[in-house]
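K.L.:
Contents of run.txt (compact mmCIF, C-alpha atoms and all ligand atoms) are given next:
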# COMPACT_ATOMS: atom_id res chain seq x y z
CA MET A 1 16.10 -10.88 -12.20
CA GLY A 2 14.87 -8.85 -9.25
CA LYS A 3 11.24 -8.10 -8.56
CA LYS A 4 9.59 -5.24 -10.39
CA SER A 5 9.17 -2.15 -8.19
CA LEU A 6 5.66 -1.44 -6.97
CA VAL A 7 4.74 2.25 -6.81
CA VAL A 8 1.40 3.16 -5.25
CA ALA A 9 -0.36 6.54 -5.18
CA ASN A 10 -2.71 7.05 -2.22
CA TRP A 11 -4.69 10.23 -2.83
CA LYS A 12 -6.39 9.85 0.58
CA CYS A 13 -9.37 12.26 0.81
CA ASN A 14 -7.86 14.67 -1.70
CA GLY A 15 -8.27 15.64 -5.32
CA GLY A 16 -11.21 16.21 -7.61
CA ILE A 17 -11.97 16.45 -11.30
CA GLU A 18 -8.84 18.52 -11.91
CA LEU A 19 -6.53 15.87 -10.44
CA VAL A 20 -8.43 13.15 -12.32
CA GLN A 21 -7.82 15.06 -15.57
CA SER A 22 -4.14 15.50 -14.86
CA TYR A 23 -3.72 11.77 -14.05
CA LEU A 24 -5.45 10.90 -17.32
CA LYS A 25 -2.66 12.79 -19.11
CA ALA A 26 0.12 11.34 -16.96
CA PHE A 27 2.92 9.11 -18.15
CA LEU A 28 2.95 6.19 -15.76
CA GLU A 29 3.80 3.24 -17.94
CA ILE A 30 7.35 2.10 -17.46
CA ASP A 31 8.76 -1.41 -17.82
CA GLY A 32 10.48 -1.62 -14.44
CA ALA A 33 7.51 -0.66 -12.25
CA ASP A 34 3.98 -1.76 -11.50
CA VAL A 35 1.96 1.34 -10.68
CA VAL A 36 -1.28 1.38 -8.68
CA VAL A 37 -3.35 4.55 -8.38
CA CYS A 38 -5.74 4.67 -5.41
CA PRO A 39 -8.03 7.71 -5.71
CA PRO A 40 -11.19 8.14 -3.64
CA VAL A 41 -13.34 5.29 -5.06
CA ILE A 42 -15.85 7.75 -6.47
CA PHE A 43 -13.29 8.61 -9.18
CA LEU A 44 -12.38 5.05 -10.16
CA THR A 45 -14.60 4.84 -13.24
CA GLN A 46 -13.33 8.17 -14.54
CA LEU A 47 -9.77 6.88 -14.27
CA ARG A 48 -10.37 3.60 -16.11
CA ALA A 49 -8.47 4.89 -19.16
CA LEU A 50 -5.28 4.77 -17.07
CA ILE A 51 -5.38 0.98 -16.90
CA ARG A 52 -2.53 -0.64 -18.85
CA LYS A 53 -0.34 -3.71 -18.46
CA ASN A 54 1.71 -1.98 -15.74
CA VAL A 55 -0.83 0.50 -14.42
CA SER A 56 -3.78 -0.52 -12.23
CA LEU A 57 -6.39 1.14 -10.08
CA GLY A 58 -7.05 0.43 -6.44
CA ALA A 59 -9.24 1.45 -3.51
CA GLN A 60 -7.98 2.88 -0.22
CA ASP A 61 -10.22 0.63 1.86
CA LEU A 62 -13.11 -1.78 1.40
CA SER A 63 -16.01 -3.23 3.32
CA ALA A 64 -15.50 -6.52 5.10
CA PHE A 65 -19.06 -7.33 4.00
CA GLU A 66 -20.14 -8.41 0.54
CA ALA A 67 -23.49 -6.59 0.58
CA GLY A 68 -26.21 -5.50 2.99
CA PRO A 69 -27.29 -2.73 5.33
CA TYR A 70 -23.85 -1.10 5.81
CA THR A 71 -24.38 2.57 5.00
CA GLY A 72 -21.34 4.18 3.42
CA ASN A 73 -19.49 0.91 2.82
CA ILE A 74 -18.01 -0.04 -0.56
CA SER A 75 -17.70 -3.76 -1.29
CA SER A 76 -14.92 -5.56 -3.12
CA GLU A 77 -17.30 -6.43 -5.97
CA MET A 78 -18.14 -2.74 -6.42
CA ILE A 79 -14.45 -1.89 -6.57
CA LEU A 80 -13.94 -4.55 -9.24
CA GLU A 81 -16.93 -3.32 -11.24
CA CYS A 82 -15.44 0.16 -11.30
CA GLY A 83 -12.05 -1.02 -12.55
CA GLY A 84 -10.18 -1.43 -9.26
CA THR A 85 -8.08 -4.57 -8.90
CA TRP A 86 -6.14 -3.63 -5.75
CA THR A 87 -6.94 -2.29 -2.30
CA LEU A 88 -5.03 -0.86 0.62
CA ILE A 89 -6.03 -2.45 3.92
CA GLY A 90 -5.37 -1.35 7.49
CA HIS A 91 -3.86 2.04 6.68
CA SER A 92 -2.81 3.72 9.94
CA GLU A 93 -5.37 6.47 9.33
CA ARG A 94 -8.13 3.82 9.21
CA ARG A 95 -6.76 2.18 12.35
CA ALA A 96 -6.47 5.48 14.24
CA LEU A 97 -9.47 7.48 13.00
CA HIS A 98 -11.92 4.64 12.36
CA LEU A 99 -10.70 2.42 15.18
CA GLU A 100 -10.16 -0.54 12.87
CA SER A 101 -9.15 -3.55 14.91
CA GLN A 102 -6.80 -6.33 13.88
CA GLU A 103 -9.86 -8.55 13.56
CA GLU A 104 -11.51 -6.13 11.13
CA VAL A 105 -8.30 -5.80 9.14
CA LEU A 106 -8.20 -9.58 8.81
CA GLN A 107 -11.86 -9.70 7.73
CA LYS A 108 -11.12 -7.09 5.07
CA LEU A 109 -8.10 -9.04 3.83
CA GLN A 110 -10.29 -12.12 3.54
CA ALA A 111 -13.11 -10.24 1.78
CA ALA A 112 -10.67 -8.77 -0.74
CA ASN A 113 -9.08 -12.15 -1.32
CA ARG A 114 -12.43 -13.89 -1.86
CA ALA A 115 -13.20 -11.36 -4.59
CA GLY A 116 -9.75 -11.68 -6.18
CA LEU A 117 -8.48 -8.19 -5.31
CA LYS A 118 -4.75 -7.78 -4.71
CA THR A 119 -4.06 -6.36 -1.29
CA ILE A 120 -1.53 -4.05 0.33
CA LEU A 121 -1.55 -4.49 4.09
CA CYS A 122 -0.29 -1.37 5.86
CA VAL A 123 1.66 -1.64 9.11
CA GLY A 124 3.67 0.83 11.16
CA GLU A 125 4.60 2.03 14.62
CA THR A 126 3.97 5.29 16.48
CA LEU A 127 6.75 7.60 17.61
CA ALA A 128 6.14 6.44 21.19
CA ASP A 129 6.60 2.80 20.08
CA ARG A 130 9.88 3.70 18.40
CA LYS A 131 11.17 5.79 21.30
CA SER A 132 10.40 3.05 23.78
CA GLY A 133 12.16 0.42 21.67
CA HIS A 134 8.95 -1.39 20.71
CA ALA A 135 8.80 -0.60 16.99
CA VAL A 136 9.69 -4.10 15.73
CA GLU A 137 7.36 -5.78 18.19
CA LYS A 138 4.48 -3.50 17.17
CA VAL A 139 4.96 -4.00 13.42
CA LEU A 140 5.50 -7.75 13.60
CA GLY A 141 2.48 -8.01 15.91
CA GLN A 142 0.34 -6.41 13.19
CA LEU A 143 1.35 -9.29 10.92
CA ASP A 144 0.04 -11.97 13.28
CA ILE A 145 -3.28 -11.95 11.42
CA LEU A 146 -1.51 -13.51 8.43
CA ARG A 147 -0.82 -16.62 10.48
CA GLU A 148 -4.46 -16.63 11.60
CA ALA A 149 -5.63 -16.30 8.00
CA ASN A 150 -3.58 -19.35 7.08
CA ASP A 151 -4.54 -19.00 3.44
CA ALA A 152 -2.05 -19.52 0.61
CA ALA A 153 -4.04 -17.54 -1.98
CA LEU A 154 -4.38 -14.59 0.38
CA LEU A 155 -0.64 -14.56 1.00
CA ASP A 156 0.13 -14.88 -2.71
CA ASN A 157 -1.89 -11.76 -3.51
CA LEU A 158 -0.42 -9.75 -0.68
CA SER A 159 2.08 -6.89 -0.57
CA ILE A 160 2.99 -5.11 2.64
CA ALA A 161 3.56 -1.39 3.18
CA TYR A 162 5.69 -0.34 6.12
CA GLU A 163 4.63 3.17 7.06
CA PRO A 164 6.02 4.51 10.33
CA ILE A 165 3.18 6.70 11.60
CA TRP A 166 5.55 9.47 12.67
CA ALA A 167 6.77 9.78 9.06
CA ILE A 168 3.33 10.11 7.45
CA GLY A 169 2.67 13.62 6.19
CA THR A 170 5.39 15.08 8.39
CA GLY A 171 8.21 15.58 5.88
CA GLU A 172 10.26 13.34 8.13
CA THR A 173 11.21 9.87 6.86
CA ALA A 174 12.72 6.78 8.39
CA SER A 175 16.31 6.58 7.19
CA PRO A 176 16.78 4.06 4.37
CA SER A 177 18.73 1.82 6.75
CA GLU A 178 16.04 2.04 9.47
CA ALA A 179 13.42 1.11 6.87
CA GLN A 180 15.62 -1.67 5.47
CA SER A 181 16.07 -3.27 8.87
CA MET A 182 12.29 -3.24 9.50
CA HIS A 183 11.63 -4.65 6.02
CA GLU A 184 14.11 -7.44 6.68
CA ARG A 185 12.21 -8.40 9.84
CA ILE A 186 8.89 -8.27 7.99
CA ARG A 187 10.24 -10.55 5.25
CA GLU A 188 11.63 -12.94 7.83
CA LYS A 189 8.25 -13.15 9.53
CA VAL A 190 6.36 -13.74 6.28
CA SER A 191 8.94 -16.36 5.23
CA SER A 192 8.14 -18.24 8.41
CA LEU A 193 4.59 -18.69 7.05
CA GLY A 194 5.71 -20.38 3.85
CA GLU A 195 9.09 -20.94 2.27
CA THR A 196 8.65 -19.19 -1.05
CA LEU A 197 6.35 -16.44 0.22
CA GLY A 198 8.96 -14.20 1.74
CA GLY A 199 11.12 -14.08 -1.37
CA ASN A 200 8.24 -13.14 -3.66
CA LEU A 201 6.69 -10.62 -1.31
CA ARG A 202 6.94 -6.95 -2.25
CA ILE A 203 7.44 -4.72 0.77
CA LEU A 204 6.90 -1.00 0.24
CA TYR A 205 8.13 1.93 2.30
CA GLY A 206 5.72 4.81 2.94
CA GLY A 207 6.02 8.08 4.87
CA SER A 208 6.97 11.39 3.23
CA VAL A 209 8.27 9.74 0.07
CA SER A 210 9.27 12.23 -2.64
CA ALA A 211 11.06 12.24 -5.97
CA HIS A 212 14.06 13.52 -4.04
CA ASN A 213 14.29 10.65 -1.53
CA CYS A 214 12.71 7.60 -3.23
CA GLY A 215 15.91 6.47 -4.97
CA SER A 216 17.72 6.07 -1.65
CA PHE A 217 15.01 3.71 -0.35
CA LEU A 218 14.95 1.58 -3.50
CA LYS A 219 18.69 0.98 -3.19
CA GLU A 220 18.06 -1.15 -0.11
CA GLY A 221 17.73 -4.88 -0.73
CA ASP A 222 14.40 -5.39 1.01
CA ILE A 223 12.61 -2.26 -0.18
CA ASP A 224 10.63 -3.18 -3.28
CA GLY A 225 8.65 -0.02 -3.83
CA VAL A 226 6.94 2.95 -2.25
CA LEU A 227 3.50 4.01 -1.04
CA VAL A 228 3.13 7.71 -1.77
CA GLY A 229 0.69 10.14 -0.12
CA GLY A 230 1.28 13.89 -0.42
CA SER A 231 3.71 13.69 -3.33
CA CYS A 232 1.21 11.91 -5.57
CA LEU A 233 -1.10 14.92 -5.52
CA ASN A 234 1.35 16.57 -7.91
CA VAL A 235 1.29 14.44 -11.03
CA SER A 236 4.69 15.44 -12.36
CA GLU A 237 6.28 14.62 -8.99
CA PHE A 238 4.55 11.22 -9.02
CA GLU A 239 5.71 10.59 -12.62
CA LYS A 240 9.27 11.27 -11.46
CA ILE A 241 8.90 8.83 -8.58
CA VAL A 242 7.62 6.16 -10.96
CA ARG A 243 10.57 6.74 -13.32
CA ILE A 244 13.15 6.63 -10.53
CA CYS A 245 11.69 3.51 -8.89
CA GLY A 246 11.25 1.80 -12.24
CA SER A 247 14.85 2.23 -13.24
CA ARG A 248 16.58 1.01 -10.11
P1 LIG B 301 2.73 10.87 2.92
O1 LIG B 301 3.48 10.44 1.68
O2 LIG B 301 1.89 12.11 2.70
O3 LIG B 301 3.61 10.94 4.11
O4 LIG B 301 1.65 9.73 3.22
C1 LIG B 301 2.09 8.43 3.32
C2 LIG B 301 0.91 7.55 3.36
O5 LIG B 301 0.24 7.46 4.37
C3 LIG B 301 0.58 6.80 2.14
O6 LIG B 301 -0.38 5.84 2.39
The structure in this file should be written as C-alpha cells.

P.N.:
Amino acid sequence: MGKKSLVVANWKCNGGIELVQSYLKAFLEIDGADVVVCPPVIFLTQLRALIRKNVSLGAQDLSAFEAGPYTGNISSEMILECGGTWTLIGHSERRALHLESQEEVLQKLQAANRAGLKTILCVGETLADRKSGHAVEKVLGQLDILREANDAALLDNLSIAYEPIWAIGTGETASPSEAQSMHERIREKVSSLGETLGGNLRILYGGSVSAHNCGSFLKEGDIDGVLVGGSCLNVSEFEKIVRICGSR
C-alpha cells in the first residue's frame, strides 16, 4: 500500500473569525489523506474541534527557544497546549522576510523534535537559481542541516515541502514533471541519511496548488501531498483538494 497523502493548509497571515467558523463546518476527514490545518497560532484553540484521526492542527513557525525573554515568540510547548501537533519550519517567507538562516532552521527543527511536534521542512529555489541551472544545488543544500542534525527521531517525524519560490502566490506552478524530478532528488538525498528514511518520507509540492491542478501532481510517484496557500482560504476549494488528493 502506498503512503497516505498529506494535505496541508497554510493560512499565512490571513483569515479571521469568519474563516475559523467556515473551517469548523468543513468536511476534511477522508480515509486516504492526512490533513493538517495551519492557521495563525492565535486561532489554534478555536479550531480544536477540527481535530480527528486524520485531521490535525499545526503552526506556521515556532521559536527555537523553549521559554524566556523572546518577545513575540511562540514555543513548541505553547503550540502543543493549544492543540497543535505539527509545525512548518523554514518557509521561504520566513527565510526571506525574517532572514532565517540555515542554523536557525536547524535549531527550530530540533526544538520541535524535542517537544514531539511533527515537522514540515520547507525548501525551494528562486527564479534566478532555476534560470542559472542551480535549482537542484540550492534545494539539496537546504537539506544539509539534516545531516548535521544526525538524529533518527527528528528524521522520523519529518516531512519535506518543495516550494519553488517563483511559484508561490503567482498562479504559476512547476510542471508536475519538474516537481517530480526535484522530489526524486530530495528523496535520494534523504535516503543517503538512512536506508528506510527515504521510502517513508512524505514530500509535498507547494506553489499555486489548486483543486484544478492538484491531481496532476499527485499522479507523480514521488509527490506525496501538497502544501496549499491561497487556495486554502476558500474552504470549499480546500475540501476539493483534500478529496482529490485523498482518492489518488
Ligand atoms: P500559494 O498556494 O498561495 O502559492 O502558497 C504556497 C505556500 O507558500 C504554502 O506554504

K.L.:
With only C-alpha atoms as the counted atoms, please give the residues lying no more than 9 Å from Val35 of chain A, apart from itself and same-chain residues fewer than 3 positions off, as an MDAnalysis selection string.

P.N.:
chainID A and resid 5:9 28:30 54:57 242

K.L.:
Collect all residues with atoms no farther than 10 Å from ligand LIG 301 (chain B), counting only C-alpha atoms and all ligand atoms, and output them as a PyMOL selection string.

P.N.:
chain A and resi 8-12+38+60+88+91-93+122+161-173+205-210+226-233

K.L.:
For atom CA of Lys118 of chain A and atom CA of Cys82 of chain A, determine how far apart the two atoms are, in Å to one decimal place.

P.N.:
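Answer for the atom CA of Lys118 of chain A to atom CA of Cys82 of chain A separation: 14.9 Å.
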
K.L.:
From the list A:Ala26, A:Leu106, A:Cys214, A:Ile186, which residue is nearest Gly246 of chain A when using all atoms listed in the file?

P.N.:
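Closest to Gly246 of chain A, using all atoms listed in the file: A:Cys214.
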
K.L.:
Which residue out of A:Ser159, A:Asn14, A:Ser181, A:Ser236 has the minimum interatomic distance to Val123 of chain A when only C-alpha atoms are used?

P.N.:
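Answer, going by the shortest atom-to-atom distance: A:Ser159.
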
K.L.:
How many Å separate atom CA of Gly199 of chain A from atom CA of Glu220 of chain A?

P.N.:
14.7 Å

K.L.:
Using all atoms listed in the file, which of A:Ala135, A:Ala179, A:Ala149, A:Leu80 sits nearest Glu103 of chain A?

P.N.:
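Among the listed residues, A:Ala149 lies closest to Glu103 of chain A.
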
K.L.:
Would you pick out the contacts of Asn200 of chain A at 8 Å or less, using only C-alpha atoms, so that residues sharing its chain but fewer than 3 positions from it are not included, and give the list as a list in words?

P.N.:
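Those residues are Lys3, Thr196 and Leu197 of chain A.
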
K.L.:
Would you list the contacts of Asp224 of chain A as a list in words, taking every protein, DNA or RNA residue within 7 Å and counting all atoms listed in the file, but skipping same-chain residues closer than 2 positions in sequence?

P.N.:
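Contacts, in chain order: Ser5, Leu6, Arg202, Ile203, Leu204, Leu218 and Asp222 of chain A.
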
K.L.:
Rounded to one decimal, what separation in Å do you get between atom CA of Leu140 of chain A and atom CA of Glu100 of chain A?

P.N.:
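We find that atom CA of Leu140 of chain A and atom CA of Glu100 of chain A lie 17.3 Å from each other.
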
K.L.:
Do a neighbour search on Asn157 of chain A at 9 Å with all atoms listed in the file, toss out local chain neighbours closer than 5 positions, and write the hits as number ranges by chain.

P.N.:
A: 113, 116-120, 152, 201

K.L.:
My list of candidates is A:Ile51, A:Leu193, A:Leu127, A:Ala96. Which is closest to Leu143 of chain A when distances are computed with only C-alpha atoms?

P.N.:
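Smallest separation from Leu143 of chain A among the options: A:Leu193.
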
K.L.:
Can you pull out every residue within 8 Å of Ser247 of chain A, counting only C-alpha atoms, but drop anything in the same chain fewer than 4 positions away, and send it as a JSON list (two decimals) with C-alpha atoms, in the frame of the given file?

P.N.:
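Below is the file that was written, selection13.json:
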[["chain", "number", "residue", "atom", "x", "y", "z"],
["A", 32, "GLY", "CA", 10.48, -1.62, -14.44],
["A", 33, "ALA", "CA", 7.51, -0.66, -12.25],
["A", 243, "ARG", "CA", 10.57, 6.74, -13.32]]

K.L.:
Counting all atoms listed in the file, figure out which residue out of A:Val136, A:Gly221, A:Thr87, A:Gly16 gets nearest to Lys108 of chain A.

P.N.:
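Closest residue, counting all atoms listed in the file: A:Thr87.
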
K.L.:
So for segment 38-48 of chain A, what box centre and size do we get, axis-aligned, 4 Å extra on each of the six sides, every listed atom, Å to one decimal, as lines of an AutoDock Vina configuration file?

P.N.:
center_x = -10.8
center_y = 6.1
center_z = -9.9
size_x = 18.1
size_y = 13.0
size_z = 20.5

K.L.:
Which residue out of A:Asn234, A:Leu109, A:Arg248, A:Glu137 has the minimum interatomic distance to Glu18 of chain A when only C-alpha atoms are used?

P.N.:
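Going through A:Asn234, A:Leu109, A:Arg248, A:Glu137 one by one, the smallest distance to Glu18 of chain A is for A:Asn234.
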